[in-house]
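*Asks:* Okay, so here is run-v1.tsv, and as you'll see once you scroll down, it has TSV, C-alpha atoms and all ligand atoms.
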```tsv
chain	number	residue	atom	x	y	z
A	291	MET	CA	139.87	93.21	84.27
A	292	ILE	CA	140.32	95.05	87.55
A	293	ALA	CA	137.82	94.56	90.38
A	294	ILE	CA	137.37	97.69	92.48
A	295	GLY	CA	135.33	98.53	95.55
A	296	CYS	CA	135.14	100.68	98.65
A	297	ASP	CA	133.16	101.73	101.68
A	298	HIS	CA	132.15	105.31	102.47
A	299	GLY	CA	135.63	106.08	103.88
A	300	GLY	CA	137.29	105.13	100.60
A	301	LEU	CA	134.73	106.47	98.13
A	302	ASP	CA	136.61	109.61	97.03
A	303	ILE	CA	139.92	107.86	96.35
A	304	LYS	CA	138.11	104.99	94.62
A	305	ASN	CA	136.38	107.47	92.30
A	306	ALA	CA	139.75	109.07	91.53
A	307	VAL	CA	141.20	105.64	90.67
A	308	ILE	CA	138.16	104.86	88.48
A	309	GLU	CA	138.81	108.05	86.50
A	310	TYR	CA	142.41	106.90	86.01
A	311	LEU	CA	141.22	103.46	84.83
A	312	LYS	CA	138.82	105.06	82.34
A	313	GLU	CA	141.47	107.47	81.02
A	314	ASN	CA	143.82	104.55	80.45
A	315	ASN	CA	141.21	102.23	78.89
A	316	ILE	CA	141.68	99.66	81.65
A	317	SER	CA	138.57	97.50	82.00
A	318	PHE	CA	137.12	97.28	85.48
A	319	THR	CA	134.09	96.20	87.47
A	320	ASP	CA	132.99	98.49	90.30
A	321	PHE	CA	131.44	96.53	93.16
A	322	GLY	CA	130.39	99.70	95.04
A	323	CYS	CA	129.61	101.40	97.28
A	324	ASP	CA	128.52	104.44	95.32
A	325	ARG	CA	127.48	106.97	97.97
A	326	ALA	CA	128.87	108.60	101.09
A	327	GLU	CA	126.44	107.10	103.61
A	328	SER	CA	127.87	104.65	106.10
A	329	VAL	CA	128.12	101.04	104.88
A	330	ASP	CA	129.84	97.85	106.05
A	331	TYR	CA	133.22	97.42	104.34
A	332	PRO	CA	133.22	93.58	104.41
A	333	VAL	CA	130.34	93.53	101.91
A	334	TYR	CA	132.41	95.33	99.27
A	335	ALA	CA	135.83	93.91	100.08
A	336	TYR	CA	134.49	90.36	99.89
A	337	GLN	CA	133.02	90.87	96.44
A	338	VAL	CA	136.29	92.25	95.07
A	339	ALA	CA	138.27	89.44	96.69
A	340	LYS	CA	135.94	86.78	95.27
A	341	ALA	CA	136.27	88.27	91.78
A	342	VAL	CA	140.08	88.01	92.01
A	343	SER	CA	140.07	84.62	93.72
A	344	SER	CA	137.79	83.14	91.05
A	345	GLY	CA	139.92	84.51	88.21
A	346	LYS	CA	137.16	86.79	86.90
A	347	ALA	CA	139.41	89.74	87.75
A	348	ASP	CA	143.17	89.92	87.26
A	349	ARG	CA	143.72	92.16	90.25
A	350	GLY	CA	141.71	94.15	92.77
A	351	ILE	CA	141.73	97.55	94.39
A	352	ILE	CA	139.76	98.18	97.60
A	353	CYS	CA	139.50	101.39	99.58
A	354	CYS	CA	138.16	102.13	103.06
A	355	GLY	CA	139.07	104.70	105.71
A	356	THR	CA	142.45	103.16	106.48
A	357	GLY	CA	142.73	100.28	104.01
A	358	ILE	CA	143.09	97.96	106.98
A	359	GLY	CA	139.58	96.59	107.36
A	360	VAL	CA	139.24	95.75	103.68
A	361	SER	CA	142.64	94.05	103.68
A	362	MET	CA	141.62	91.88	106.64
A	363	VAL	CA	138.49	90.80	104.78
A	364	ALA	CA	140.27	90.17	101.47
A	365	ASN	CA	143.01	88.11	103.09
A	366	LYS	CA	140.39	85.68	104.42
A	367	VAL	CA	139.56	84.68	100.84
A	368	LYS	CA	141.55	81.83	99.33
A	369	GLY	CA	144.27	82.88	96.95
A	370	ILE	CA	144.25	86.52	97.98
A	371	ARG	CA	147.38	88.41	98.90
A	372	ALA	CA	146.08	91.87	99.80
A	373	ALA	CA	148.47	94.63	100.84
A	374	VAL	CA	147.70	97.91	102.60
A	375	VAL	CA	149.86	100.52	100.97
A	376	SER	CA	150.29	104.28	101.43
A	377	ASP	CA	153.49	105.00	99.49
A	378	ALA	CA	154.85	104.21	96.04
A	379	PHE	CA	157.79	102.18	97.34
A	380	CYS	CA	155.51	99.68	99.07
A	381	ALA	CA	153.12	99.60	96.09
A	382	GLU	CA	156.07	98.55	93.94
A	383	MET	CA	157.61	96.12	96.40
A	384	THR	CA	154.41	94.29	97.21
A	385	ARG	CA	154.09	93.46	93.52
A	386	ARG	CA	157.78	92.61	92.98
A	387	HIS	CA	158.26	90.52	96.12
A	388	ASN	CA	154.83	89.43	97.43
A	389	ASP	CA	152.92	89.07	94.14
A	390	ALA	CA	150.10	90.98	95.84
A	391	ASN	CA	146.88	90.66	93.88
A	392	ILE	CA	144.83	93.26	95.75
A	393	LEU	CA	145.84	96.82	96.61
A	394	CYS	CA	144.19	98.30	99.71
A	395	MET	CA	144.27	102.03	100.42
A	396	GLY	CA	142.79	104.40	102.98
A	397	GLY	CA	140.87	107.52	102.07
A	398	ARG	CA	141.65	108.98	105.50
A	399	VAL	CA	145.35	108.25	105.03
A	400	ILE	CA	146.24	109.36	101.50
A	401	ASP	CA	144.87	111.95	99.08
A	402	GLU	CA	143.36	111.29	95.64
A	403	PRO	CA	146.48	111.97	93.52
A	404	THR	CA	148.47	109.62	95.76
A	405	ALA	CA	145.84	106.89	95.39
A	406	VAL	CA	146.02	107.22	91.60
A	407	LYS	CA	149.84	107.07	91.69
A	408	LEU	CA	149.81	103.95	93.89
A	409	ALA	CA	147.24	102.25	91.64
A	410	ASP	CA	149.37	103.06	88.60
A	411	VAL	CA	152.51	101.60	90.21
A	412	PHE	CA	150.61	98.54	91.46
A	413	LEU	CA	149.07	97.78	88.07
A	414	ASN	CA	152.30	98.31	86.14
A	415	THR	CA	154.80	96.41	88.27
A	416	GLU	CA	155.52	92.75	87.61
A	417	TYR	CA	156.25	90.05	90.16
A	418	GLU	CA	159.92	89.08	90.21
A	419	GLY	CA	159.53	85.42	91.16
A	420	GLY	CA	162.98	83.91	91.72
A	421	ARG	CA	163.93	83.82	95.39
A	422	HIS	CA	160.54	85.28	96.31
A	423	ALA	CA	158.60	82.38	94.80
A	424	LYS	CA	159.52	80.04	97.65
A	425	ARG	CA	158.23	82.55	100.21
A	426	VAL	CA	154.99	83.27	98.37
A	427	GLN	CA	154.50	79.50	98.12
A	428	MET	CA	154.86	79.33	101.92
A	429	ILE	CA	151.97	81.79	102.25
A	430	THR	CA	149.89	79.50	100.04
A	431	ASP	CA	150.97	76.47	102.06
A	432	ILE	CA	149.88	78.17	105.30
A	433	GLU	CA	146.54	78.99	103.68
A	434	ASN	CA	146.10	75.35	102.67
A	435	GLY	CA	147.23	73.90	106.02
A	436	ASN	CA	150.30	72.37	104.42
A	437	PHE	CA	153.03	74.44	106.05
A	438	GLU	CA	155.51	72.81	108.36
A	439	ILE	CA	158.51	74.35	110.11
A	440	LYS	CA	161.43	72.07	109.42
A	441	ASP	CA	164.05	71.76	112.19
B	1	LIG	C1	134.57	103.13	108.67
B	1	LIG	O1	134.30	104.13	109.59
B	1	LIG	C2	135.98	102.61	108.85
B	1	LIG	O2	136.02	101.81	109.99
B	1	LIG	C3	136.41	101.86	107.64
B	1	LIG	O3	136.38	102.68	106.53
B	1	LIG	C4	137.82	101.31	107.65
B	1	LIG	O4	138.75	102.30	107.96
B	1	LIG	C5	138.04	100.09	108.43
B	1	LIG	O5	139.15	99.54	108.48
```
Once you've parsed the file, please lay out its structure as structure tokens.
Ligand code: RB5
*Replies:*
Amino acid sequence: MIAIGCDHGGLDIKNAVIEYLKENNISFTDFGCDRAESVDYPVYAYQVAKAVSSGKADRGIICCGTGIGVSMVANKVKGIRAAVVSDAFCAEMTRRHNDANILCMGGRVIDEPTAVKLADVFLNTEYEGGRHAKRVQMITDIENGNFEIKD
């Protein structure tokens, strides 16, 4: 299941991604918002991040004006590796190398077809593990207060 959410700045690209999810029979939960009036992005980003962090959702997609605010919120939640992405190369690499579990995009940065393309790449690219596993583990260690720089 994919958790998805947005604020007013990301509503149009979120709706485009939802159409893609429906067309491809990908199950999802939409945490809102659902209208163009101004709302506070942390409310929606937090709900998506909690769904992923708890394991209720496999991955998340969050959209705001830039993708930045929602990524800041999501990355405060334990277990979340949220990446702001605006091109297909980074959408692929953040899965392959960072094992990103939330894709963040900006409705004032990219258009709807691009958002759909990036969601498709993000959802269909596997994590490579290998040499990247040690580095992703370091992120987790920092999150848990267990990271030490060894001389
Ligand atoms: C809302 O105006 C805007 O600040 C928000 O969508 C987002 O871009 C924040 O990072």
*Asks:* Write out, as a Markdown table, each residue of chain A that has an atom at most 6 Å from ligand LIG 1 (chain B), together with the closest pair of atoms and their distance in Å to one decimal, counting all atoms listed in the file, rows going by chain and rising number.
*Replies:*
```
| residue | atom | partner | partner_atom | distance |
| --- | --- | --- | --- | --- |
| A:Asp297 | CA | B:LIG1 | O3 | 5.9 |
| A:Gly299 | CA | B:LIG1 | O3 | 4.4 |
| A:Cys354 | CA | B:LIG1 | O3 | 3.9 |
| A:Gly355 | CA | B:LIG1 | O4 | 3.3 |
| A:Thr356 | CA | B:LIG1 | O4 | 4.1 |
| A:Gly357 | CA | B:LIG1 | O5 | 5.8 |
| A:Ile358 | CA | B:LIG1 | O5 | 4.5 |
| A:Gly359 | CA | B:LIG1 | O5 | 3.2 |
```
*Asks:* Nearest to Val333 (chain A) among A:Lys424, A:His298, A:Arg386, A:Arg371, with distances taken over only C-alpha atoms: which residue is it?
*Replies:*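 Selected residue with least distance to Val333 (chain A): A:His298.
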*Asks:* Provide the CA of Lys346 (chain A) to CA of Ser317 (chain A) distance in Å, to one decimal place.
*Replies:*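 Between CA of Lys346 (chain A) and CA of Ser317 (chain A) the gap is 11.9 Å.
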*Asks:* So which one's closest to Pro332 (chain A), A:Lys312, A:Ile351, A:Asp320, A:Val360? Using only C-alpha atoms, please.
*Replies:*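 Of A:Lys312, A:Ile351, A:Asp320, A:Val360, the one nearest Pro332 (chain A) is A:Val360, counting only C-alpha atoms.
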*Asks:* Between A:Ala405, A:Ile432, A:Ile370, A:Val411, which has the minimum distance to Lys304 (chain A) (counting all atoms listed in the file)?
*Replies:*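 Residue with the minimum atom-to-atom distance to Lys304 (chain A): A:Ala405.
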*Asks:* Counting all atoms listed in the file, which residue out of A:Ile429, A:Ile292, A:Cys323, A:Ala306 sits closest to Thr404 (chain A)?
*Replies:*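 Nearest candidate to Thr404 (chain A) out of A:Ile429, A:Ile292, A:Cys323, A:Ala306: A:Ala306.
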*Asks:* Which one of A:Ile400, A:Ser376, A:Ser361, A:Ala293 sits closest to Tyr331 (chain A) if you count all atoms listed in the file?
*Replies:*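 Among A:Ile400, A:Ser376, A:Ser361, A:Ala293, it is A:Ser361 that comes nearest to Tyr331 (chain A).
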*Asks:* Would you mind reading off the distance between CA of Gly295 (chain A) and CA of Val375 (chain A), one decimal, in Å?
*Replies:*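 These atoms are spaced 15.6 Å apart.
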*Asks:* Would you kindly return, as a ChimeraX atom specification, each protein, DNA or RNA residue with an atom no farther than 10 Å from any atom of Ile294 (chain A), considering only C-alpha atoms and excluding same-chain residues fewer than 2 positions away?
*Replies:* /A:291-292,296,304-305,307-308,318-323,334-335,337-339,341,347,349-353,392-394
*Asks:* Expressed in Å to a single decimal, how great is the separation between CA of Glu438 (chain A) and CA of Asp348 (chain A)?
*Replies:* 29.8 Å
*Asks:* Closest to Ala423 (chain A) among A:His387, A:Arg398, A:Lys340, A:Lys407, using only C-alpha atoms?
*Replies:* A:His387
*Asks:* Can you pull out the residues contacting Gly419 (chain A)? Cut-off 12 Å, using only C-alpha atoms, and skip same-chain residues under 5 positions away; I want them as a ChimeraX atom specification.
*Replies:* /A:384-390,424-427
